[in-house]
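Asks: The following block contains the structure, expressed as structure tokens.
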Amino acid sequence: MDSARTQVIVGGYTQVNSTLQLPWVRAYAYNGGVRWRSHDVSAAPGLCADSRVERLAIGADGKLYVAGSINGGIGASIFSRDPKDITLPLGARLVKSDEYSDSTNTGSVNIAWFGCFNPEDGALELAQGLLTRRTSDNQGNSVSIRAMAADERGRVFLAGDAACCIKNRDQQRVAGVAVGPYESGEGYVALVSEDFRQRLVWTPYAGPTISGGSSAANALAVRNGNVLTVAKQSDHGQCHPAHARRINGF
């Protein structure tokens, strides 16, 4: 809901044929009329990676933030193109800050993508990929974005779950405590600078004695420099109620 502009913004994807999913974002006026469309096409020649829009949020800066997934590399996805004209590559608007935002050496895994849009017309301002990398061979691995927000400065907060492994995973600390061992599907929280050029925070939740596997972070809120995330904890097949975790000092 974008009450500042009296419109509702929705997103999703369409199974355009038996082998391809294409994303879309649309803004509707309160009377049901379409205001604008982005990434909303029925075909994408040469772009064969399944791509979905999965999360939308209006940031505290008034911008529209969109997150989605790609089965494969960004270059093979419609997310590598201008959402108003898919014949135009994004160029410098697709920010590649390191190998965890650049989907080289990536097979058929689900990686994430997020972007900042102008909610007035759906024009894309900045975008970036997000993937993990296996420690064994540095090949790209899966990560999902299940919640997102942006603060007044336009810094982007992400939460979700990740396969092995986020950047410098074993060096991360939460509240001064070193994170515990990796387990598949661990929850994480990340913070990206407003120009998408720096990933300021990226840490899992796993504690020294508490499993972080199969414990995706599913909700996130940001206010006054504090972040609240909510994750379901799974402990060796036993599911526990969702836990909220507050992280201060952003």
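Starting from 1 in every chain, residues are counted up; chains themselves are A, B, ... following the order of the structure tokens, and ligands are numbered from 1 as listed.
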Can you pull out every residue within 9 Å of Ala206 of chain A, counting only C-alpha atoms, but drop anything in the same chain fewer than 2 positions away, and send it as a list of chain:residue names?
Replies: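 My reading of the contact set: A:Val174, A:Ala178, A:Val179, A:Gly180, A:Pro181, A:Tyr182, A:Glu183, A:Glu186, A:Gly187, A:Tyr188, A:Pro204, A:Pro208, A:Thr209, A:Ile210, A:Ser211, A:Gly212, A:Gly213.
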Asks: Can you tell me which residues surround Phe79 of chain A at a distance of at most 8 Å, considering only C-alpha atoms, apart from same-chain residues fewer than 4 positions away, and format the answer as an mmCIF file with N, CA and C atoms, in the first residue's frame?
Replies:
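Contents of the output file result.cif:
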data_model
loop_
_atom_site.group_PDB
_atom_site.id
_atom_site.type_symbol
_atom_site.label_atom_id
_atom_site.label_comp_id
_atom_site.auth_asym_id
_atom_site.auth_seq_id
_atom_site.Cartn_x
_atom_site.Cartn_y
_atom_site.Cartn_z
ATOM 1 N N HIS A 39 8.817 -4.658 -15.570
ATOM 2 C CA HIS A 39 9.154 -6.078 -15.772
ATOM 3 C C HIS A 39 7.918 -6.869 -16.200
ATOM 4 N N SER A 51 12.548 -16.173 -13.200
ATOM 5 C CA SER A 51 12.722 -15.020 -12.310
ATOM 6 C C SER A 51 11.376 -14.651 -11.708
ATOM 7 N N ILE A 74 22.337 -13.861 -13.014
ATOM 8 C CA ILE A 74 21.610 -12.620 -13.278
ATOM 9 C C ILE A 74 21.620 -12.279 -14.758
ATOM 10 N N GLY A 75 22.741 -12.525 -15.434
ATOM 11 C CA GLY A 75 22.842 -12.168 -16.846
ATOM 12 C C GLY A 75 21.843 -12.871 -17.733
ATOM 13 N N PRO A 83 13.498 -2.413 -16.530
ATOM 14 C CA PRO A 83 12.138 -2.929 -16.401
ATOM 15 C C PRO A 83 11.123 -2.260 -17.316
ATOM 16 N N TRP A 113 17.772 -11.240 -5.841
ATOM 17 C CA TRP A 113 17.944 -9.958 -6.523
ATOM 18 C C TRP A 113 17.088 -8.941 -5.791
#
Asks: Have a look at atom CA of Pro23 of chain A and atom CA of Asp82 of chain A and let me know their distance in Å, one decimal.
Replies: 12.6 Å
Asks: With only C-alpha atoms as the basis for distance, which of A:Asn105, A:Ser42, A:Thr229, A:Thr14 is at the shortest distance from Met148 of chain A?
Replies: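 When distances to Met148 of chain A are compared using only C-alpha atoms, the smallest one comes from A:Thr229.
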Asks: For a test of reading the model, state the distance in Å between atom CA of Ala217 of chain A and atom CA of Leu94 of chain A, rounded to one decimal.
Replies: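 Distance between the two atoms: 25.6 Å.
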Asks: Excluding Ala123 of chain A and any residue of its chain fewer than 3 positions from it, enumerate the residues within 12 Å of it, using only C-alpha atoms, and give them as a PDB file with N, CA and C atoms, in the first residue's frame.
Replies:
ATOM      1  N   VAL A  25       5.761  -6.164 -11.835  1.00  0.00           N
ATOM      2  CA  VAL A  25       5.349  -5.236 -10.774  1.00  0.00           C
ATOM      3  C   VAL A  25       4.333  -4.290 -11.390  1.00  0.00           C
ATOM      4  N   ARG A  26       3.231  -4.051 -10.690  1.00  0.00           N
ATOM      5  CA  ARG A  26       2.187  -3.153 -11.196  1.00  0.00           C
ATOM      6  C   ARG A  26       1.705  -2.243 -10.077  1.00  0.00           C
ATOM      7  N   ALA A  27       1.374  -1.030 -10.447  1.00  0.00           N
ATOM      8  CA  ALA A  27       0.771  -0.081  -9.509  1.00  0.00           C
ATOM      9  C   ALA A  27      -0.651   0.212  -9.965  1.00  0.00           C
ATOM     10  N   TRP A  36       1.095   2.102 -13.603  1.00  0.00           N
ATOM     11  CA  TRP A  36       2.312   1.763 -14.337  1.00  0.00           C
ATOM     12  C   TRP A  36       2.618   0.277 -14.192  1.00  0.00           C
ATOM     13  N   ARG A  37       3.488  -0.196 -15.070  1.00  0.00           N
ATOM     14  CA  ARG A  37       3.937  -1.583 -15.057  1.00  0.00           C
ATOM     15  C   ARG A  37       5.457  -1.604 -15.206  1.00  0.00           C
ATOM     16  N   SER A  38       6.097  -2.561 -14.556  1.00  0.00           N
ATOM     17  CA  SER A  38       7.534  -2.778 -14.717  1.00  0.00           C
ATOM     18  C   SER A  38       7.802  -4.277 -14.800  1.00  0.00           C
ATOM     19  N   HIS A  39       8.817  -4.658 -15.570  1.00  0.00           N
ATOM     20  CA  HIS A  39       9.154  -6.078 -15.772  1.00  0.00           C
ATOM     21  C   HIS A  39       7.918  -6.869 -16.200  1.00  0.00           C
ATOM     22  N   LYS A  63      10.936   5.444  -1.164  1.00  0.00           N
ATOM     23  CA  LYS A  63      11.198   4.680  -2.386  1.00  0.00           C
ATOM     24  C   LYS A  63      10.544   3.303  -2.304  1.00  0.00           C
ATOM     25  N   LEU A  64      10.381   2.676  -3.475  1.00  0.00           N
ATOM     26  CA  LEU A  64       9.859   1.318  -3.552  1.00  0.00           C
ATOM     27  C   LEU A  64      11.032   0.345  -3.634  1.00  0.00           C
ATOM     28  N   TYR A  65      10.993  -0.689  -2.805  1.00  0.00           N
ATOM     29  CA  TYR A  65      12.025  -1.717  -2.819  1.00  0.00           C
ATOM     30  C   TYR A  65      11.390  -3.052  -3.191  1.00  0.00           C
ATOM     31  N   VAL A  66      12.038  -3.744  -4.114  1.00  0.00           N
ATOM     32  CA  VAL A  66      11.521  -5.000  -4.649  1.00  0.00           C
ATOM     33  C   VAL A  66      12.603  -6.065  -4.519  1.00  0.00           C
ATOM     34  N   ARG A  81      17.926  -6.408 -17.051  1.00  0.00           N
ATOM     35  CA  ARG A  81      17.492  -5.423 -18.043  1.00  0.00           C
ATOM     36  C   ARG A  81      16.618  -4.342 -17.418  1.00  0.00           C
ATOM     37  N   ASP A  82      16.493  -3.237 -18.151  1.00  0.00           N
ATOM     38  CA  ASP A  82      15.640  -2.140 -17.705  1.00  0.00           C
ATOM     39  C   ASP A  82      14.194  -2.628 -17.639  1.00  0.00           C
ATOM     40  N   PRO A  83      13.498  -2.413 -16.530  1.00  0.00           N
ATOM     41  CA  PRO A  83      12.138  -2.929 -16.401  1.00  0.00           C
ATOM     42  C   PRO A  83      11.123  -2.260 -17.316  1.00  0.00           C
ATOM     43  N   LYS A  84      11.500  -1.149 -17.926  1.00  0.00           N
ATOM     44  CA  LYS A  84      10.611  -0.489 -18.879  1.00  0.00           C
ATOM     45  C   LYS A  84      10.936  -0.851 -20.326  1.00  0.00           C
ATOM     46  N   ASP A  85      12.136  -1.388 -20.559  1.00  0.00           N
ATOM     47  CA  ASP A  85      12.568  -1.753 -21.910  1.00  0.00           C
ATOM     48  C   ASP A  85      13.608  -2.858 -21.784  1.00  0.00           C
ATOM     49  N   LEU A  90      21.060  -3.044 -17.801  1.00  0.00           N
ATOM     50  CA  LEU A  90      21.066  -2.090 -16.693  1.00  0.00           C
ATOM     51  C   LEU A  90      22.370  -1.319 -16.589  1.00  0.00           C
ATOM     52  N   ARG A  93      23.643   0.592 -13.242  1.00  0.00           N
ATOM     53  CA  ARG A  93      22.580   0.486 -12.239  1.00  0.00           C
ATOM     54  C   ARG A  93      22.566  -0.884 -11.557  1.00  0.00           C
ATOM     55  N   GLY A 115      16.052  -4.453  -5.770  1.00  0.00           N
ATOM     56  CA  GLY A 115      16.202  -3.186  -6.465  1.00  0.00           C
ATOM     57  C   GLY A 115      15.433  -2.066  -5.801  1.00  0.00           C
ATOM     58  N   CYS A 116      15.865  -0.843  -6.082  1.00  0.00           N
ATOM     59  CA  CYS A 116      15.209   0.377  -5.614  1.00  0.00           C
ATOM     60  C   CYS A 116      14.533   1.040  -6.804  1.00  0.00           C
ATOM     61  N   PHE A 117      13.245   1.343  -6.676  1.00  0.00           N
ATOM     62  CA  PHE A 117      12.443   1.907  -7.755  1.00  0.00           C
ATOM     63  C   PHE A 117      11.859   3.256  -7.341  1.00  0.00           C
ATOM     64  N   ASN A 118      11.559   4.077  -8.338  1.00  0.00           N
ATOM     65  CA  ASN A 118      10.772   5.285  -8.131  1.00  0.00           C
ATOM     66  C   ASN A 118       9.299   4.876  -8.121  1.00  0.00           C
ATOM     67  N   PRO A 119       8.588   5.033  -7.012  1.00  0.00           N
ATOM     68  CA  PRO A 119       7.199   4.586  -6.958  1.00  0.00           C
ATOM     69  C   PRO A 119       6.243   5.430  -7.796  1.00  0.00           C
ATOM     70  N   GLU A 120       6.711   6.570  -8.278  1.00  0.00           N
ATOM     71  CA  GLU A 120       5.851   7.403  -9.126  1.00  0.00           C
ATOM     72  C   GLU A 120       5.578   6.748 -10.474  1.00  0.00           C
ATOM     73  N   LEU A 126      18.441   1.482  -8.822  1.00  0.00           N
ATOM     74  CA  LEU A 126      19.597   0.649  -8.527  1.00  0.00           C
ATOM     75  C   LEU A 126      19.139  -0.790  -8.322  1.00  0.00           C
ATOM     76  N   ALA A 127      20.036  -1.731  -8.604  1.00  0.00           N
ATOM     77  CA  ALA A 127      19.728  -3.145  -8.392  1.00  0.00           C
ATOM     78  C   ALA A 127      21.003  -3.882  -8.008  1.00  0.00           C
TER      79      ALA A 127
END
Asks: How many Å separate atom CA of Gly225 of chain A from atom CA of Gly68 of chain A?
Replies: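 Atom-to-atom, atom CA of Gly225 of chain A to atom CA of Gly68 of chain A, that is 25.2 Å.
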Asks: From the options A:Cys164, A:Gly59, A:Ala43, A:Met1, which residue's atoms come nearest to Thr135 of chain A, counting only C-alpha atoms?
Replies: A:Cys164
Asks: Near Gln139 of chain A, within 10 Å and counting only C-alpha atoms, which residues show up once chain neighbours fewer than 6 positions away are dropped, as a PyMOL selection string?
Replies: chain A and resi 103-107+131-133
Asks: Mind checking which residues fall within 12 Å of Trp202 of chain A, counting only C-alpha atoms, ignoring those fewer than 2 positions away in the same chain, and posting them as a short mmCIF file (atom, residue, chain, number, x, y, z; two decimals) with C-alpha atoms, in the first residue's frame?
Replies:
data_model
loop_
_atom_site.label_atom_id
_atom_site.label_comp_id
_atom_site.auth_asym_id
_atom_site.auth_seq_id
_atom_site.Cartn_x
_atom_site.Cartn_y
_atom_site.Cartn_z
CA TYR A 100 28.65 -12.30 -3.63
CA LEU A 130 22.87 -11.65 -3.75
CA LEU A 131 24.28 -15.16 -3.57
CA THR A 132 26.33 -17.32 -1.28
CA VAL A 156 18.46 -1.67 2.64
CA PHE A 157 17.86 -4.35 5.28
CA LEU A 158 17.35 -7.94 4.15
CA ALA A 159 16.46 -11.15 5.99
CA GLY A 160 15.93 -14.70 4.84
CA ASP A 161 17.76 -18.01 4.69
CA ALA A 162 21.01 -19.10 3.09
CA CYS A 165 28.01 -19.85 2.85
CA ILE A 166 27.61 -16.12 3.35
CA LYS A 167 30.73 -13.97 3.05
CA ASN A 168 33.17 -14.41 5.95
CA ARG A 169 30.52 -16.42 7.74
CA ASP A 170 32.61 -17.88 10.52
CA GLN A 171 34.02 -14.48 11.49
CA GLN A 172 30.59 -13.00 12.26
CA ARG A 173 29.46 -12.13 15.77
CA VAL A 174 26.00 -11.32 17.18
CA VAL A 179 28.23 -17.52 15.50
CA GLY A 187 18.60 -17.49 8.85
CA TYR A 188 20.48 -14.26 8.22
CA VAL A 189 20.19 -10.49 8.32
CA ALA A 190 22.03 -8.13 5.95
CA LEU A 191 22.44 -4.38 5.61
CA VAL A 192 23.39 -2.72 2.32
CA SER A 193 24.43 0.92 1.92
CA GLN A 198 28.83 -1.72 0.45
CA ARG A 199 27.36 -4.65 2.35
CA LEU A 200 27.71 -3.30 5.87
CA PRO A 204 23.65 -15.67 10.41
CA TYR A 205 21.82 -16.21 13.70
#
Asks: Find the residues around Gly154 of chain A up to 6 Å (only C-alpha atoms counted), leave out those fewer than 4 positions away in its own chain, and share them as a list in words.
Replies: Asp61, Ala150 and Glu194 of chain A
Asks: Produce a file of the selected residues containing C-alpha atoms, as a PDB file, in the first residue's frame.
Replies:
ATOM      1  CA  ASP A  61      12.784   7.152   2.418  1.00  0.00           C
ATOM      2  CA  ALA A 150      14.782   0.494   4.048  1.00  0.00           C
ATOM      3  CA  GLU A 194      22.141   3.367   0.140  1.00  0.00           C
TER       4      GLU A 194
END
Asks: List every residue of segment 51-241 of chain A that DSSP, applied to the backbone of this structure, places in strand (DSSP E), and write the result as an MDAnalysis selection string.
Replies: chainID A and resid 51:58 64:71 81:82 85:89 110:118 123:130 132:133 140:141 143:150 156:162 173:174 177:178 186:192 199:204 217:223 226:235 238:241
Asks: Ranking A:Ala29, A:Cys48, A:Leu56, A:Val177 by minimum distance to Asn71 of chain A and counting only C-alpha atoms, which one comes first?
Replies: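 So, comparing all the options, the nearest one is A:Cys48.
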Asks: Skipping near chain neighbours, those fewer than 2 positions away, what residues fall within 10 Å of Val8 of chain A using only C-alpha atoms, listed as a PyMOL selection string?
Replies: chain A and resi 1-3+5-6+10+26-30+32+34-35
